[in-house]
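Asker: Dropping the structure in here first, questions after.
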Amino acid sequence: MLGFAPWGRTSLEMLVFVAVIYSAVHVFFALLIMVVSRKFNALFPSIMLGVLVGGTIGLPLGTAMRMEGYERAGERAVPLINAIERFIGETGAPPQRLEQLVPTFISSLPDGVPSFEIVTGERAAKSFYQNDWALVFNAGSGLNWDALVYLPKKNYQDISSKTLLGDWVYLHE
């Protein structure tokens, strides 16, 4: 839900969220009762049920929800991309910061999208497959460095570990 939350929720996502929370609470209290009552064998199946429900529902559907949220964010960022392209058309180079687009090229940065960073110049060419610029959201959590990326050349075929999300790509690092 953390990766998905800013972009809206449907009843299915809330159902998955409730199932995962239920499983976590179920396992916690079953473990607590097991330790206090010392009835390890009696409560072990209950704990495994909670882990099984949370894992089988939460992991795959949570990932699918997250990717859907990022795809929605990419759709909502189209005015931002258009503003960058107009900026390049007028100045000959991409902006160094997205704030440079406001208010001349876009009235305000779009709502309902993550905090994108624009990467330009040599860093964009080296890190983002010879593109002059890239929009990047560092989507990693914990110990991974996943990112949601827009490349203007759309040369996503050069990337090995990815999920395509419309005109964007989710990089699995």
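In the structure tokens, the first chain shown is A, the next is B, and so on; residue numbers restart at 1 for each chain, and ligands run from 1 in the order shown.
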Need to verify the contact set: Asp167 in chain A, 9 Å, only C-alpha atoms, exclusion of same-chain residues closer than 6 positions in sequence. Can you return it as an MDAnalysis selection string?
Answerer: chainID A and resid 71 74:75 150:152 154
Asker: With N, CA, C and O atoms retained, could you export that selection as a PDB file, in the first residue's frame?
Answerer:
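Generated output (out.pdb):
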ATOM      1  N   GLU A  71       1.853   2.803 -12.933  1.00  0.00           N
ATOM      2  CA  GLU A  71       1.371   3.060 -14.293  1.00  0.00           C
ATOM      3  C   GLU A  71       0.421   4.254 -14.310  1.00  0.00           C
ATOM      4  O   GLU A  71       0.485   5.112 -15.193  1.00  0.00           O
ATOM      5  N   GLY A  74       2.436   7.372 -14.111  1.00  0.00           N
ATOM      6  CA  GLY A  74       3.015   7.693 -15.414  1.00  0.00           C
ATOM      7  C   GLY A  74       2.017   8.380 -16.326  1.00  0.00           C
ATOM      8  O   GLY A  74       2.356   9.333 -17.034  1.00  0.00           O
ATOM      9  N   GLU A  75       0.769   7.941 -16.286  1.00  0.00           N
ATOM     10  CA  GLU A  75      -0.281   8.583 -17.094  1.00  0.00           C
ATOM     11  C   GLU A  75      -0.533  10.012 -16.627  1.00  0.00           C
ATOM     12  O   GLU A  75      -0.741  10.906 -17.434  1.00  0.00           O
ATOM     13  N   TYR A 150      11.117   7.264 -16.928  1.00  0.00           N
ATOM     14  CA  TYR A 150      10.652   7.624 -18.267  1.00  0.00           C
ATOM     15  C   TYR A 150      11.869   8.021 -19.084  1.00  0.00           C
ATOM     16  O   TYR A 150      12.648   8.896 -18.677  1.00  0.00           O
ATOM     17  N   LEU A 151      12.036   7.388 -20.234  1.00  0.00           N
ATOM     18  CA  LEU A 151      13.114   7.724 -21.153  1.00  0.00           C
ATOM     19  C   LEU A 151      12.499   8.285 -22.435  1.00  0.00           C
ATOM     20  O   LEU A 151      11.649   7.631 -23.045  1.00  0.00           O
ATOM     21  N   PRO A 152      12.895   9.476 -22.862  1.00  0.00           N
ATOM     22  CA  PRO A 152      12.278  10.066 -24.053  1.00  0.00           C
ATOM     23  C   PRO A 152      12.505   9.248 -25.325  1.00  0.00           C
ATOM     24  O   PRO A 152      11.649   9.242 -26.213  1.00  0.00           O
ATOM     25  N   LYS A 154      12.530   6.070 -25.378  1.00  0.00           N
ATOM     26  CA  LYS A 154      11.757   4.833 -25.151  1.00  0.00           C
ATOM     27  C   LYS A 154      12.519   3.595 -25.600  1.00  0.00           C
ATOM     28  O   LYS A 154      11.927   2.629 -26.102  1.00  0.00           O
TER      29      LYS A 154
END
Asker: Give me, as an MDAnalysis selection string, all polymer residues having an atom no more than 12 Å from range 131-142 of chain A, counting only C-alpha atoms and skipping those fewer than 4 positions away in the same chain.
Answerer: chainID A and resid 2:4 66:67 69:70 73:74 77:78 80:81 84:85 88 92:98 113:127 146:156 158 167:173
Asker: Taking the chain letters and numbering used in this document, name the residues of range 12-109 of chain A that DSSP puts in alpha helix (DSSP H), as number ranges by chain.
Answerer: A: 12-37, 40-53, 59-76, 78-91
Asker: So that I can check the surroundings of Glu90 in chain A, please list as a PDB file with N, CA, C and O atoms, in the first residue's frame every protein, DNA and RNA residue that reaches within 12 Å of it, counting only C-alpha atoms and ignoring chain neighbours fewer than 6 positions away.
Answerer:
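Contents of around-v7.pdb, freshly written:
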ATOM      1  N   ALA A  83       5.578  19.397 -20.995  1.00  0.00           N
ATOM      2  CA  ALA A  83       6.217  20.662 -20.604  1.00  0.00           C
ATOM      3  C   ALA A  83       7.727  20.585 -20.794  1.00  0.00           C
ATOM      4  O   ALA A  83       8.355  21.549 -21.247  1.00  0.00           O
ATOM      5  N   ILE A  84       8.327  19.456 -20.451  1.00  0.00           N
ATOM      6  CA  ILE A  84       9.774  19.287 -20.648  1.00  0.00           C
ATOM      7  C   ILE A  84      10.100  19.378 -22.135  1.00  0.00           C
ATOM      8  O   ILE A  84      11.067  20.047 -22.530  1.00  0.00           O
ATOM      9  N   LEU A 101      10.095  24.637 -14.996  1.00  0.00           N
ATOM     10  CA  LEU A 101       8.978  24.553 -15.935  1.00  0.00           C
ATOM     11  C   LEU A 101       7.804  25.428 -15.519  1.00  0.00           C
ATOM     12  O   LEU A 101       6.984  25.816 -16.345  1.00  0.00           O
ATOM     13  N   THR A 104       5.835  28.950 -16.757  1.00  0.00           N
ATOM     14  CA  THR A 104       5.870  29.206 -18.201  1.00  0.00           C
ATOM     15  C   THR A 104       5.413  28.012 -19.031  1.00  0.00           C
ATOM     16  O   THR A 104       4.660  28.173 -19.993  1.00  0.00           O
ATOM     17  N   PHE A 105       5.845  26.803 -18.670  1.00  0.00           N
ATOM     18  CA  PHE A 105       5.557  25.628 -19.487  1.00  0.00           C
ATOM     19  C   PHE A 105       4.467  24.729 -18.905  1.00  0.00           C
ATOM     20  O   PHE A 105       3.897  23.917 -19.615  1.00  0.00           O
TER      21      PHE A 105
END
Asker: With only C-alpha atoms as the atoms that count, which of A:Met65, A:Ile106, A:Leu165, A:Val27 lies nearest to Met48 in chain A?
Answerer: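 Looking only at the distances to Met48 in chain A, the closest residue turns out to be A:Val27.
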Asker: Applying 12 Å and only C-alpha atoms, which residues near Gly54 in chain A remain after dropping the ones on its own chain fewer than 5 positions away? List them as a PyMOL selection string.
Answerer: chain A and resi 15-27+47-49+59-62
Asker: Just list the residues in range 99-149 of chain A DSSP gives strand (DSSP E) on the backbone, as a list in words.
Answerer: Glu117, Ile118, Val119, Thr120, Trp133, Ala134, Leu135, Val136, Phe137, Asn138, Ala147, Leu148 and Val149 of chain A
Asker: Using N, CA, C and O atoms, can you write the selected residues to a file as a compact mmCIF listing (two decimals), in the first residue's frame?
Answerer:
# COMPACT_ATOMS: atom_id res chain seq x y z
N GLU A 117 12.53 13.13 -10.21
CA GLU A 117 13.76 13.90 -10.39
C GLU A 117 14.07 13.85 -11.87
O GLU A 117 13.91 12.82 -12.52
N ILE A 118 14.51 14.98 -12.43
CA ILE A 118 14.96 14.96 -13.81
C ILE A 118 16.47 14.79 -13.80
O ILE A 118 17.19 15.44 -13.04
N VAL A 119 16.93 13.85 -14.60
CA VAL A 119 18.37 13.57 -14.74
C VAL A 119 18.75 14.00 -16.14
O VAL A 119 18.09 13.63 -17.11
N THR A 120 19.81 14.79 -16.25
CA THR A 120 20.22 15.33 -17.54
C THR A 120 21.71 15.14 -17.75
O THR A 120 22.44 14.69 -16.87
N TRP A 133 17.87 13.04 -21.32
CA TRP A 133 17.27 13.29 -20.02
C TRP A 133 16.40 12.10 -19.64
O TRP A 133 16.06 11.27 -20.49
N ALA A 134 16.06 12.03 -18.37
CA ALA A 134 15.17 10.97 -17.88
C ALA A 134 14.42 11.50 -16.68
O ALA A 134 14.95 12.31 -15.91
N LEU A 135 13.18 11.06 -16.53
CA LEU A 135 12.43 11.32 -15.30
C LEU A 135 12.54 10.07 -14.45
O LEU A 135 12.31 8.96 -14.93
N VAL A 136 12.89 10.25 -13.17
CA VAL A 136 13.18 9.11 -12.30
C VAL A 136 12.49 9.29 -10.96
O VAL A 136 12.50 10.38 -10.38
N PHE A 137 11.90 8.21 -10.49
CA PHE A 137 11.40 8.12 -9.11
C PHE A 137 12.06 6.91 -8.49
O PHE A 137 11.89 5.79 -8.95
N ASN A 138 12.84 7.13 -7.44
CA ASN A 138 13.48 6.02 -6.74
C ASN A 138 12.43 5.30 -5.90
O ASN A 138 12.04 5.77 -4.85
N ALA A 147 13.47 1.60 -9.51
CA ALA A 147 13.14 2.96 -9.94
C ALA A 147 12.07 2.91 -11.02
O ALA A 147 12.03 1.99 -11.84
N LEU A 148 11.21 3.91 -11.00
CA LEU A 148 10.25 4.15 -12.07
C LEU A 148 10.89 5.21 -12.96
O LEU A 148 11.28 6.27 -12.48
N VAL A 149 11.00 4.92 -14.27
CA VAL A 149 11.78 5.78 -15.16
C VAL A 149 11.02 6.02 -16.46
O VAL A 149 10.41 5.11 -17.02
Asker: Suppose you want the space between CA of Gly55 in chain A and CA of Ile159 in chain A; what is it in Å?
Answerer: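 Calculated distance between CA of Gly55 in chain A and CA of Ile159 in chain A is 29.3 Å.
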Asker: Rounded to one decimal, what separation in Å do you get between CA of Leu32 in chain A and CA of Gly58 in chain A?
Answerer: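 One can read the CA of Leu32 in chain A to CA of Gly58 in chain A distance as 22.4 Å.
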Asker: Could you work out how far CA of Gly112 in chain A lies from CA of Ile57 in chain A, giving the answer in Å with one decimal?
Answerer: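 Distance between the two atoms: 26.2 Å.
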